There are 2 protein chains.
Amino acid sequence: MSINSNAPSRIRRTPEESRANILAAAESLLVAHGPQSLRLADVAKAAGVANATVLHHFGSIAAVHQALMERMIADLVDSILSVEIPADAPLEARAVGLKTLFDAFETRGAARLAAWLELTGETGRMTVVREAVQEVAQKKIASVGIPADMAEDMILLSVTLAVGVGLFGRSLGTLIGKPPERARELALQMLLANIQRLAG
Amino acid sequence: MSINSNAPSRIRRTPEESRANILAAAESLLVAHGPQSLRLADVAKAAGVANATVLHHFGSIAAVHQALMERMIADLVDSILSVEIPADAPLEARAVGLKTLFDAFETRGAARLAAWLELTGETGRMTVVREAVQEVAQKKIASVGIPADMAEDMILLSVTLAVGVGLFGRSLGTLIGKPPERARELALQMLLANIQRLAG
DNA sequence: AACACTACTGACAAAAATGTCAATAAACAG
DNA sequence: CTGTTTATTGACATTTTTGTCAGTAGTGTT
């Protein structure tokens, strides 16, 4: 009846794999249960390793938090920079680009990351995001003929709204008896109409 | 040299005063330093009482959290219900009403409360808000001639955006090199333009 | 096969946070 | 002034969470 009699009693990973595994577990905990569930024991359990293993790779639970913030911010910056706006089709193209940006922030993970950073006062960590946003504003949106200044305003507005939608859209929608995606729909409609009003 | 020789060495309050004092301290902690600073010792220190005093009045620190949520939600509901829309002046009146609603949620305290509830999964507590929102949608906005359905959409959108602004507006604005109030300005502009587009 | 390296772990120690309790003192009634 | 009530508190106990350490077990090398 012995199954896998020669299976290793421990999984041994490279340090990079281990760190990645632990951070992935922590991220899903953050998204599913909030920051208060990022305790050492919870993270270790979710990652399927012993408490001591987490400390072996990160030194402290606070270091896990920091690494998680940085990892999620890096992901966010990547998706911001992936915004592409073809130079030919004018208005629809802008809409698509802004929608990509919106999507990047409206992701449950990103919205919760932002809330976490804000509530813990770690806003300073997001300076990386600033550079990404400015690059998109200047190089990509401006190339379509919108002044960088106005582009930055649009992005500021989009991101604020996107995070709001990502954090509260679903629960707020169902709270007042609407389908969960309603807030998202309305937000995108308003945002696109706003582009037309300002730049159209 | 003895100053106030017969001053009481302890302050003795009524139970209601004590609870109010503690909750006020907790609220300012929440707004200034986030939910993770709502520890027993921190709350007691901020309120100027001993740890045991907090427990005497609330039984547990979790009960303090619950009471704080309920108090802040009640305040929020009050300010929602204070939305008044005079029946005569049509469009500007709608704008003023929506702005009041926006302000109620954009308050730093309310936005942080919402984020706190969301991150801790206590969304269910906000059913009281639902009733307030629906009352405003039906009785007050609808009386100006906008269908309750559309009014609810507008409110959903306003609240989502307002919370986003309240939470991230300032730090996000300064992050990308704008004045801190910029996000708020832009949000209100867009919201009002949206009213005109849909109902004007 | 023997060895070195180190990721991994359980058992334990330390620290932090929460909660208990008996004693104290403010307010008030008689 | 005396007694009763109870909000308040310091000292202590308990629980929770984090961190340490010495030993174990995979993986690659000789």
# chains A, B, ... in the order shown; residues from 1 in each chain; ligands from 1
>>> residues_around(residues="Gly164 in chain A", least_positions_apart="2", cutoff="9 Å", atoms="only C-alpha atoms (C1' of nucleotides)", output="PyMOL selection string")
(chain A and resi 106+111+159-162+166-169) or (chain B and resi 159-165+167-168)
>>> interface_residues(of="chain B", to="chain C", cutoff="9 Å", atoms="only C-alpha atoms (C1' of nucleotides)", output="ChimeraX atom specification")
/B:8-12,39-41,52,55,59-61
>>> atom_distance(atom1="CA of Leu119 in chain B", atom2="CA of Glu70 in chain B")
16.2 Å
>>> interface_residues(of="chain D", to="chain A", cutoff="12 Å", atoms="only C-alpha atoms (C1' of nucleotides)", output="ChimeraX atom specification")
/D:16-21,24-27
>>> interface_residues(of="chain A", to="chain B", cutoff="9 Å", atoms="only C-alpha atoms", output="VMD selection string")
chain A and resid 30 to 36 112 114 to 116 118 to 121 123 to 124 126 to 127 129 to 131 133 to 134 152 to 154 156 to 157 159 to 165 167 to 169 171 to 173 175 to 178 182 to 184 186 to 187 190 to 191 193 to 194 197
